[in-house]
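Structure file target02.cif (mmCIF, C-alpha atoms) is printed below.
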data_query
loop_
_atom_site.group_PDB
_atom_site.id
_atom_site.type_symbol
_atom_site.label_atom_id
_atom_site.label_comp_id
_atom_site.auth_asym_id
_atom_site.auth_seq_id
_atom_site.Cartn_x
_atom_site.Cartn_y
_atom_site.Cartn_z
ATOM 1 C CA MET A 489 -2.001 13.525 57.753
ATOM 2 C CA ARG A 490 0.932 12.294 59.838
ATOM 3 C CA SER A 491 1.235 9.114 57.784
ATOM 4 C CA LEU A 492 1.301 11.112 54.542
ATOM 5 C CA THR A 493 3.988 13.416 55.939
ATOM 6 C CA THR A 494 6.048 10.438 57.065
ATOM 7 C CA ALA A 495 5.705 8.748 53.682
ATOM 8 C CA ALA A 496 6.705 11.931 51.845
ATOM 9 C CA GLY A 497 9.722 12.315 54.079
ATOM 10 C CA ALA A 498 10.779 8.753 53.427
ATOM 11 C CA ALA A 499 10.426 9.244 49.663
ATOM 12 C CA LEU A 500 12.558 12.390 49.767
ATOM 13 C CA ALA A 501 15.164 10.537 51.775
ATOM 14 C CA LEU A 502 15.328 7.790 49.154
ATOM 15 C CA LEU A 503 15.719 10.390 46.421
ATOM 16 C CA ALA A 504 18.522 12.029 48.361
ATOM 17 C CA LEU A 505 20.306 8.705 48.703
ATOM 18 C CA GLY A 506 19.825 8.038 44.992
ATOM 19 C CA ALA A 507 17.932 5.254 43.281
ATOM 20 C CA PRO A 508 19.767 2.007 42.659
ATOM 21 C CA ALA A 509 21.525 1.954 39.297
ATOM 22 C CA PRO A 510 19.883 -0.254 36.660
ATOM 23 C CA ALA A 511 21.614 -3.467 35.771
ATOM 24 C CA GLN A 512 24.008 -3.038 32.863
ATOM 25 C CA GLN A 513 22.693 -4.657 29.702
ATOM 26 C CA ALA A 514 24.805 -7.172 27.858
ATOM 27 C CA PRO A 515 26.281 -5.917 24.566
ATOM 28 C CA ARG A 516 23.964 -6.377 21.628
ATOM 29 C CA PRO A 517 25.147 -8.774 18.941
ATOM 30 C CA GLY A 518 25.230 -7.960 15.245
ATOM 31 C CA PRO A 519 25.939 -4.637 13.600
ATOM 32 C CA SER A 520 25.645 -1.496 15.736
ATOM 33 C CA LEU A 521 22.728 0.701 14.774
ATOM 34 C CA ASP A 522 24.940 3.680 15.607
ATOM 35 C CA SER A 523 26.467 3.125 12.170
ATOM 36 C CA LEU A 524 23.025 3.723 10.616
ATOM 37 C CA VAL A 525 22.611 7.165 12.191
ATOM 38 C CA GLY A 526 22.904 10.060 9.740
ATOM 39 C CA ALA A 527 21.940 10.907 6.166
ATOM 40 C CA TRP A 528 22.005 8.396 3.315
ATOM 41 C CA VAL A 529 21.121 8.072 -0.340
ATOM 42 C CA LEU A 530 19.300 4.817 -1.103
ATOM 43 C CA THR A 531 19.580 3.385 -4.610
ATOM 44 C CA GLY A 532 18.558 0.110 -6.183
ATOM 45 C CA ALA A 533 15.451 -1.511 -7.588
ATOM 46 C CA VAL A 534 11.968 -2.303 -6.300
ATOM 47 C CA HIS A 535 10.171 -4.872 -8.474
ATOM 48 C CA ASN A 536 13.042 -4.383 -10.953
ATOM 49 C CA ALA A 537 12.239 -0.652 -11.247
ATOM 50 C CA PRO A 538 15.159 1.697 -10.442
ATOM 51 C CA THR A 539 14.597 4.086 -7.553
ATOM 52 C CA THR A 540 16.437 6.671 -5.466
ATOM 53 C CA HIS A 541 15.415 7.680 -1.959
ATOM 54 C CA ASP A 542 16.792 9.997 0.719
ATOM 55 C CA VAL A 543 17.063 8.372 4.144
ATOM 56 C CA THR A 544 17.820 9.865 7.551
ATOM 57 C CA ALA A 545 18.180 7.970 10.829
ATOM 58 C CA GLU A 546 18.426 9.280 14.389
ATOM 59 C CA TRP A 547 18.122 8.054 17.954
ATOM 60 C CA ILE A 548 15.045 9.327 19.820
ATOM 61 C CA LEU A 549 13.525 9.022 23.315
ATOM 62 C CA ASN A 550 16.758 8.697 25.262
ATOM 63 C CA ARG A 551 18.270 6.437 22.577
ATOM 64 C CA GLU A 552 15.623 3.768 23.153
ATOM 65 C CA TYR A 553 14.451 3.839 19.531
ATOM 66 C CA LEU A 554 16.041 4.459 16.165
ATOM 67 C CA ARG A 555 13.792 6.464 13.861
ATOM 68 C CA ILE A 556 14.320 6.187 10.093
ATOM 69 C CA HIS A 557 12.671 8.545 7.616
ATOM 70 C CA GLU A 558 12.672 7.484 3.966
ATOM 71 C CA VAL A 559 11.481 9.685 1.071
ATOM 72 C CA SER A 560 11.650 8.837 -2.616
ATOM 73 C CA ARG A 561 12.967 11.371 -5.091
ATOM 74 C CA GLU A 562 10.407 10.113 -7.608
ATOM 75 C CA ARG A 563 7.150 12.075 -7.508
ATOM 76 C CA ASP A 564 3.536 11.249 -8.243
ATOM 77 C CA SER A 565 1.207 13.262 -10.475
ATOM 78 C CA THR A 566 0.487 15.758 -7.657
ATOM 79 C CA GLY A 567 4.154 16.456 -6.999
ATOM 80 C CA ALA A 568 4.204 14.499 -3.731
ATOM 81 C CA PRO A 569 6.824 11.821 -3.043
ATOM 82 C CA ALA A 570 5.879 8.537 -4.712
ATOM 83 C CA TYR A 571 6.951 6.735 -1.526
ATOM 84 C CA GLU A 572 7.544 7.807 2.074
ATOM 85 C CA ALA A 573 8.034 5.811 5.262
ATOM 86 C CA THR A 574 8.762 6.275 8.943
ATOM 87 C CA VAL A 575 10.441 3.297 10.607
ATOM 88 C CA LEU A 576 10.977 2.672 14.332
ATOM 89 C CA ILE A 577 13.469 0.106 15.622
ATOM 90 C CA GLY A 578 13.819 -0.909 19.286
ATOM 91 C CA TRP A 579 15.535 -3.649 21.303
ATOM 92 C CA ASP A 580 13.838 -6.447 23.274
ATOM 93 C CA PRO A 581 16.325 -7.499 25.991
ATOM 94 C CA ALA A 582 14.193 -10.496 26.984
ATOM 95 C CA THR A 583 14.425 -12.179 23.582
ATOM 96 C CA ARG A 584 17.585 -10.345 22.471
ATOM 97 C CA GLU A 585 15.905 -9.334 19.232
ATOM 98 C CA TYR A 586 15.344 -6.065 17.448
ATOM 99 C CA ILE A 587 11.724 -5.043 16.834
ATOM 100 C CA CYS A 588 10.786 -2.993 13.763
ATOM 101 C CA MET A 589 7.598 -1.099 12.918
ATOM 102 C CA TRP A 590 7.371 0.127 9.312
ATOM 103 C CA LEU A 591 4.760 2.788 8.537
ATOM 104 C CA ASP A 592 4.431 4.031 4.965
ATOM 105 C CA VAL A 593 2.107 5.644 2.426
ATOM 106 C CA THR A 594 1.025 2.375 0.798
ATOM 107 C CA GLY A 595 -1.902 2.113 3.209
ATOM 108 C CA GLY A 596 -3.100 2.722 6.751
ATOM 109 C CA GLY A 597 -3.586 0.143 9.453
ATOM 110 C CA GLY A 598 0.094 -0.113 10.326
ATOM 111 C CA LEU A 599 -0.450 0.225 14.085
ATOM 112 C CA VAL A 600 -1.308 -3.450 14.561
ATOM 113 C CA GLY A 601 0.527 -6.388 16.068
ATOM 114 C CA TRP A 602 1.412 -8.150 12.830
ATOM 115 C CA ASN A 603 3.232 -5.010 11.638
ATOM 116 C CA LEU A 604 5.886 -5.562 14.303
ATOM 117 C CA ALA A 605 8.765 -7.487 12.757
ATOM 118 C CA ARG A 606 11.422 -9.203 14.816
ATOM 119 C CA GLY A 607 15.030 -9.791 13.884
ATOM 120 C CA ARG A 608 17.701 -11.673 15.807
ATOM 121 C CA PRO A 609 21.039 -10.052 14.890
ATOM 122 C CA ALA A 610 23.915 -12.235 13.795
ATOM 123 C CA GLY A 611 27.220 -11.287 12.236
ATOM 124 C CA ASP A 612 26.747 -8.243 10.041
ATOM 125 C CA SER A 613 22.982 -8.672 9.584
ATOM 126 C CA ILE A 614 19.613 -8.097 11.225
ATOM 127 C CA PRO A 615 17.041 -10.308 9.441
ATOM 128 C CA PHE A 616 13.623 -8.776 10.133
ATOM 129 C CA VAL A 617 10.558 -10.905 9.367
ATOM 130 C CA TRP A 618 6.935 -9.752 9.252
ATOM 131 C CA HIS A 619 4.231 -12.412 9.748
ATOM 132 C CA TYR A 620 1.006 -11.425 7.974
ATOM 133 C CA PRO A 621 -2.509 -12.587 8.947
ATOM 134 C CA ASP A 622 -2.885 -14.570 5.704
ATOM 135 C CA GLY A 623 0.086 -16.768 6.600
ATOM 136 C CA THR A 624 2.585 -15.107 4.256
ATOM 137 C CA ARG A 625 5.735 -13.375 5.448
ATOM 138 C CA PHE A 626 7.960 -10.517 4.368
ATOM 139 C CA HIS A 627 11.715 -10.397 4.935
ATOM 140 C CA ASN A 628 13.908 -7.313 5.127
ATOM 141 C CA THR A 629 17.492 -8.060 6.074
ATOM 142 C CA PHE A 630 19.575 -5.089 7.188
ATOM 143 C CA ARG A 631 23.187 -5.907 6.259
ATOM 144 C CA TYR A 632 26.121 -3.649 7.121
ATOM 145 C CA SER A 633 29.481 -3.539 5.368
ATOM 146 C CA SER A 634 32.052 -1.909 7.642
ATOM 147 C CA ALA A 635 34.641 -1.958 4.843
ATOM 148 C CA ALA A 636 32.419 0.019 2.457
ATOM 149 C CA SER A 637 30.462 1.881 5.176
ATOM 150 C CA THR A 638 27.218 0.921 3.429
ATOM 151 C CA TRP A 639 23.976 -0.748 4.425
ATOM 152 C CA GLN A 640 21.894 -3.070 2.287
ATOM 153 C CA TRP A 641 18.186 -3.715 2.599
ATOM 154 C CA ILE A 642 17.415 -7.103 1.093
ATOM 155 C CA MET A 643 13.640 -7.523 0.766
ATOM 156 C CA ASP A 644 11.789 -10.712 -0.181
ATOM 157 C CA ASN A 645 8.201 -11.909 -0.225
ATOM 158 C CA ASP A 646 7.728 -15.314 1.377
ATOM 159 C CA ALA A 647 4.899 -17.687 0.551
ATOM 160 C CA ASP A 648 5.254 -21.252 1.926
ATOM 161 C CA GLY A 649 8.973 -20.730 2.452
ATOM 162 C CA ARG A 650 9.649 -19.721 -1.153
ATOM 163 C CA LEU A 651 11.440 -16.370 -1.260
ATOM 164 C CA GLN A 652 10.592 -14.043 -4.135
ATOM 165 C CA PRO A 653 12.845 -10.986 -4.531
ATOM 166 C CA PHE A 654 11.019 -7.737 -3.868
ATOM 167 C CA ALA A 655 13.804 -5.143 -3.601
ATOM 168 C CA ARG A 656 17.594 -4.878 -3.491
ATOM 169 C CA LEU A 657 18.640 -1.522 -2.055
ATOM 170 C CA THR A 658 21.932 0.022 -0.958
ATOM 171 C CA LEU A 659 22.382 2.975 1.389
ATOM 172 C CA ARG A 660 25.476 5.143 0.899
ATOM 173 C CA ARG A 661 26.490 8.257 2.760
ATOM 174 C CA GLY A 662 26.690 11.572 1.010
ATOM 175 C CA GLY A 663 24.493 13.571 -1.276
ATOM 176 C CA PRO A 664 21.892 16.138 -0.324
ATOM 177 C CA VAL A 665 18.832 15.188 1.667
ATOM 178 C CA VAL A 666 15.740 16.222 -0.262
ATOM 179 C CA PRO A 667 13.007 17.500 2.092
ATOM 180 C CA SER A 668 9.726 15.633 1.846
ATOM 181 C CA ASP A 669 7.941 18.762 0.582
ATOM 182 C CA ALA A 670 10.536 19.585 -2.072
ATOM 183 C CA VAL A 671 9.704 19.193 -5.771
ATOM 184 C CA THR A 672 12.188 18.866 -8.614
ATOM 185 C CA ARG A 673 11.473 18.679 -12.332
ATOM 186 C CA VAL A 674 13.708 18.354 -15.384
ATOM 187 C CA ASN A 675 12.565 18.678 -18.973
ATOM 188 C CA ASP A 676 12.508 14.958 -19.769
ATOM 189 C CA GLN A 677 10.117 14.370 -16.837
ATOM 190 C CA LEU A 678 7.407 16.650 -18.230
ATOM 191 C CA THR A 679 4.197 15.210 -19.625
ATOM 192 C CA TRP A 680 2.664 17.379 -22.339
ATOM 193 C CA THR A 681 -1.095 17.481 -22.941
ATOM 194 C CA PRO A 682 -3.281 19.721 -25.147
ATOM 195 C CA TYR A 683 -3.806 23.247 -23.810
ATOM 196 C CA PRO A 684 -7.501 24.238 -24.042
ATOM 197 C CA ALA A 685 -6.772 27.534 -25.814
ATOM 198 C CA GLY A 686 -4.357 25.901 -28.268
ATOM 199 C CA GLY A 687 -0.860 24.516 -28.022
ATOM 200 C CA MET A 688 0.415 22.196 -25.301
ATOM 201 C CA GLN A 689 0.761 22.332 -21.510
ATOM 202 C CA ALA A 690 2.752 20.492 -18.818
ATOM 203 C CA PHE A 691 2.067 20.610 -15.074
ATOM 204 C CA LEU A 692 5.313 21.049 -13.128
ATOM 205 C CA LEU A 693 3.622 21.381 -9.752
ATOM 206 C CA GLY A 694 0.066 20.856 -8.600
ATOM 207 C CA ASP A 695 -3.015 21.206 -10.787
ATOM 208 C CA PRO A 696 -4.743 24.510 -11.684
ATOM 209 C CA GLY A 697 -8.113 22.814 -11.183
ATOM 210 C CA ARG A 698 -7.357 21.949 -7.541
ATOM 211 C CA PRO A 699 -6.618 24.026 -4.428
ATOM 212 C CA GLY A 700 -2.984 24.936 -3.875
ATOM 213 C CA THR A 701 0.002 26.361 -5.698
ATOM 214 C CA TYR A 702 0.517 25.243 -9.281
ATOM 215 C CA VAL A 703 3.205 25.749 -11.927
ATOM 216 C CA VAL A 704 2.256 25.202 -15.579
ATOM 217 C CA ARG A 705 4.423 25.452 -18.675
ATOM 218 C CA ILE A 706 2.606 26.351 -21.900
ATOM 219 C CA ARG A 707 3.885 26.006 -25.467
ATOM 220 C CA LEU A 708 1.933 28.239 -27.862
ATOM 221 C CA PRO A 709 2.274 27.845 -31.641
ATOM 222 C CA ALA A 710 3.120 30.788 -33.885
ATOM 223 C CA GLY A 711 0.159 33.066 -34.586
ATOM 224 C CA LEU A 712 -2.034 31.869 -31.697
ATOM 225 C CA ARG A 713 -4.188 34.624 -30.222
ATOM 226 C CA LEU A 714 -5.630 34.470 -26.700
ATOM 227 C CA ALA A 715 -8.844 36.525 -26.726
ATOM 228 C CA PRO A 716 -9.610 38.867 -23.793
ATOM 229 C CA HIS A 717 -10.257 36.830 -20.656
ATOM 230 C CA SER A 718 -9.562 36.725 -16.919
ATOM 231 C CA HIS A 719 -8.789 34.212 -14.152
ATOM 232 C CA PRO A 720 -10.181 33.940 -10.620
ATOM 233 C CA ASP A 721 -6.682 33.634 -9.137
ATOM 234 C CA GLY A 722 -3.659 35.885 -9.370
ATOM 235 C CA ARG A 723 -0.950 34.631 -11.727
ATOM 236 C CA ILE A 724 2.697 35.308 -12.450
ATOM 237 C CA VAL A 725 3.712 34.695 -16.063
ATOM 238 C CA GLN A 726 7.286 34.370 -17.319
ATOM 239 C CA VAL A 727 8.375 34.137 -20.955
ATOM 240 C CA LEU A 728 10.878 31.297 -21.284
ATOM 241 C CA SER A 729 11.382 31.500 -25.049
ATOM 242 C CA GLY A 730 10.059 33.507 -27.984
ATOM 243 C CA THR A 731 8.312 36.869 -27.786
ATOM 244 C CA MET A 732 4.775 37.232 -26.425
ATOM 245 C CA TYR A 733 2.614 40.272 -27.154
ATOM 246 C CA PHE A 734 0.401 41.161 -24.184
ATOM 247 C CA ALA A 735 -1.990 43.874 -22.984
ATOM 248 C CA TYR A 736 -4.546 44.469 -20.234
ATOM 249 C CA GLY A 737 -8.168 45.265 -21.049
ATOM 250 C CA ALA A 738 -11.030 43.853 -23.096
ATOM 251 C CA SER A 739 -10.534 45.708 -26.376
ATOM 252 C CA GLY A 740 -8.286 43.162 -28.054
ATOM 253 C CA ASP A 741 -6.544 46.070 -29.803
ATOM 254 C CA THR A 742 -3.244 44.721 -31.126
ATOM 255 C CA THR A 743 -1.736 48.228 -31.312
ATOM 256 C CA ALA A 744 -2.001 48.414 -27.498
ATOM 257 C CA MET A 745 0.043 45.271 -27.023
ATOM 258 C CA ARG A 746 3.596 45.322 -25.730
ATOM 259 C CA ALA A 747 6.318 42.857 -26.735
ATOM 260 C CA PHE A 748 7.645 40.629 -23.939
ATOM 261 C CA PRO A 749 10.787 38.777 -25.104
ATOM 262 C CA ALA A 750 12.330 35.768 -23.357
ATOM 263 C CA GLY A 751 13.189 36.570 -19.745
ATOM 264 C CA SER A 752 10.271 38.988 -19.332
ATOM 265 C CA MET A 753 7.349 38.561 -16.943
ATOM 266 C CA TRP A 754 4.000 40.090 -16.040
ATOM 267 C CA THR A 755 1.277 39.518 -13.465
ATOM 268 C CA GLU A 756 -2.408 38.796 -13.998
ATOM 269 C CA PRO A 757 -4.334 39.950 -10.904
ATOM 270 C CA PRO A 758 -7.574 38.087 -10.069
ATOM 271 C CA GLY A 759 -10.432 39.090 -12.353
ATOM 272 C CA VAL A 760 -8.345 41.488 -14.462
ATOM 273 C CA VAL A 761 -9.041 41.067 -18.203
ATOM 274 C CA HIS A 762 -6.067 40.670 -20.539
ATOM 275 C CA TYR A 763 -5.169 39.243 -23.957
ATOM 276 C CA ALA A 764 -2.057 37.939 -25.707
ATOM 277 C CA TRP A 765 -0.618 36.978 -29.097
ATOM 278 C CA ALA A 766 2.248 34.714 -30.198
ATOM 279 C CA ARG A 767 2.699 36.930 -33.240
ATOM 280 C CA ASP A 768 6.224 36.158 -34.391
ATOM 281 C CA GLY A 769 6.695 32.469 -33.605
ATOM 282 C CA GLU A 770 6.351 29.761 -30.974
ATOM 283 C CA VAL A 771 6.308 31.024 -27.376
ATOM 284 C CA VAL A 772 6.891 29.062 -24.185
ATOM 285 C CA LEU A 773 5.401 30.521 -20.993
ATOM 286 C CA GLN A 774 5.626 29.417 -17.367
ATOM 287 C CA ILE A 775 2.695 30.348 -15.129
ATOM 288 C CA VAL A 776 2.518 30.276 -11.328
ATOM 289 C CA GLY A 777 -0.814 30.632 -9.545
ATOM 290 C CA THR A 778 -3.004 29.343 -6.730
ATOM 291 C CA GLY A 779 -5.848 27.022 -7.614
ATOM 292 C CA PRO A 780 -8.589 26.344 -8.162
ATOM 293 C CA SER A 781 -8.188 28.418 -11.298
ATOM 294 C CA GLY A 782 -9.978 28.748 -14.604
ATOM 295 C CA SER A 783 -10.467 31.062 -17.568
ATOM 296 C CA ARG A 784 -13.438 33.362 -18.139
ATOM 297 C CA PRO A 785 -14.060 35.228 -21.438
ATOM 298 C CA ALA A 786 -14.305 38.985 -21.119
ATOM 299 C CA GLY A 787 -17.906 40.031 -20.410
ATOM 300 C CA ALA A 788 -18.961 36.630 -19.052
ATOM 301 C CA HIS A 789 -20.674 36.593 -15.681
ATOM 302 C CA PRO A 790 -18.966 34.727 -12.806
ATOM 303 C CA GLU A 791 -20.365 31.282 -12.255
#
This entry written out as structure tokens:
Amino acid sequence: MRSLTTAAGAALALLALGAPAPAQQAPRPGPSLDSLVGAWVLTGAVHNAPTTHDVTAEWILNREYLRIHEVSRERDSTGAPAYEATVLIGWDPATREYICMWLDVTGGGGLVGWNLARGRPAGDSIPFVWHYPDGTRFHNTFRYSSAASTWQWIMDNDADGRLQPFARLTLRRGGPVVPSDAVTRVNDQLTWTPYPAGGMQAFLLGDPGRPGTYVVRIRLPAGLRLAPHSHPDGRIVQVLSGTMYFAYGASGDTTAMRAFPAGSMWTEPPGVVHYAWARDGEVVLQIVGTGPSGSRPAGAHPE
């Protein structure tokens, strides 16, 4: 017990005196990663295909690592980003190289040794190189222009020393950062497919046949009638153009229908029977619901 007390007292005394200051590290060559901190808009081409990404970079863990988050503005068929990556960059004082780990949505297995690239900074560049198990390599050179305040990512595949361009990308400051869970759609991005009840449909978000929120736009031709039916999920319907005639109930009585011109909306609670008619001309509707959804004719038994 006495020895433990003596040891504790000695430790407290050392703390009171203060630990020796760590040796000051030599300045790092090459461009300062401080100039990469902040929000950027990445533009350029990957495999000759134009792309735009939002990129943010910040120091973490007592400024030992730079964390980069990259999210494409392009979306896949589910509404998720077509590409997303988290990148960590640290410094190896022994070899005076930067180390980079690149984790992205193209596949798992990134937490392995060969996914650690090294880059020895020189001038305005940090040339990272990944060495893959099959003997091939991948280059990504970070190049900073202090005059333009931009970064370039110059990416090349390397087989037997022959570089094949993979991507040429430029990061510029400014522009909004799009959150990874944000979804944007403009009319020329919509893909129209046949709507089961007639007309055409385009999925703006999600899929009515799958769990989760969905947004569907429906184009109904003039004269189309939707017979009494119901849905298992609650829906919100907005009339974007034209006039839709709508009523609740299973009678199908057209005299009970009310006209809903463009700008109008109604709700369709789960299991509530309703019917509609594009009496006067083409109607475009936008429907929001929570899948999985479906349509059940009035009088049909639930599956």
Would you place a box with edges along x, y and z of the file around all atoms of stretch 555-569 of chain A listed there, add 8 Å to each of its six sides, and report the centre and edge lengths in Å to one decimal, as JSON?
{"center_x": 7.4, "center_y": 11.3, "center_z": 1.7, "size_x": 29.8, "size_y": 26.3, "size_z": 40.3}
Using the chain letters and numbers from the file, which residues does the PyMOL selection byres ((chain A and resi 769) around 12) grab, as a list of chain:residue names? A:Arg707, A:Leu708, A:Pro709, A:Ala710, A:Gly711, A:Leu712, A:Arg713, A:Ser729, A:Gly730, A:Thr731, A:Met732, A:Tyr733, A:Pro749, A:Trp765, A:Ala766, A:Arg767, A:Asp768, A:Glu770, A:Val771, A:Val772
Output the residue selection produced by the PyMOL selection byres ((chain A and resi 547) around 10) on the file above, formatted as a CSV table (one decimal) with C-alpha atoms, in the coordinates of the input.
chain,number,residue,atom,x,y,z
A,521,LEU,CA,22.7,0.7,14.8
A,522,ASP,CA,24.9,3.7,15.6
A,524,LEU,CA,23.0,3.7,10.6
A,525,VAL,CA,22.6,7.2,12.2
A,526,GLY,CA,22.9,10.1,9.7
A,545,ALA,CA,18.2,8.0,10.8
A,546,GLU,CA,18.4,9.3,14.4
A,548,ILE,CA,15.0,9.3,19.8
A,549,LEU,CA,13.5,9.0,23.3
A,550,ASN,CA,16.8,8.7,25.3
A,551,ARG,CA,18.3,6.4,22.6
A,552,GLU,CA,15.6,3.8,23.2
A,553,TYR,CA,14.5,3.8,19.5
A,554,LEU,CA,16.0,4.5,16.2
A,555,ARG,CA,13.8,6.5,13.9
A,556,ILE,CA,14.3,6.2,10.1
A,576,LEU,CA,11.0,2.7,14.3
A,577,ILE,CA,13.5,0.1,15.6
When the PyMOL selection byres ((chain A and resi 534) around 8) is applied to the file above, which residues end up in the set, as an MDAnalysis selection string? chainID A and resid 532:533 535:539 654:657
Residues near A:Arg705, cut-off 6 Å, only C-alpha atoms, skip fewer than 3 positions along chain, as a PyMOL selection string: chain A and resi 689-690+773-774
Quick one: write out the picked residues with C-alpha atoms as a PDB file, in the frame of the given file?
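The result, stored in out-v1.pdb:
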ATOM      1  CA  GLN A 689       0.761  22.332 -21.510  1.00  0.00           C
ATOM      2  CA  ALA A 690       2.752  20.492 -18.818  1.00  0.00           C
ATOM      3  CA  LEU A 773       5.401  30.521 -20.993  1.00  0.00           C
ATOM      4  CA  GLN A 774       5.626  29.417 -17.367  1.00  0.00           C
TER       5      GLN A 774
END
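Here atom CA of A:Thr629 is placed at a distance of 18.5 Å from atom CA of A:Asp648.
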Looking at all atoms listed in the file, which of A:His762, A:His541, A:Arg698, A:His627 is the one that sits closest to A:Ser781? A:Arg698
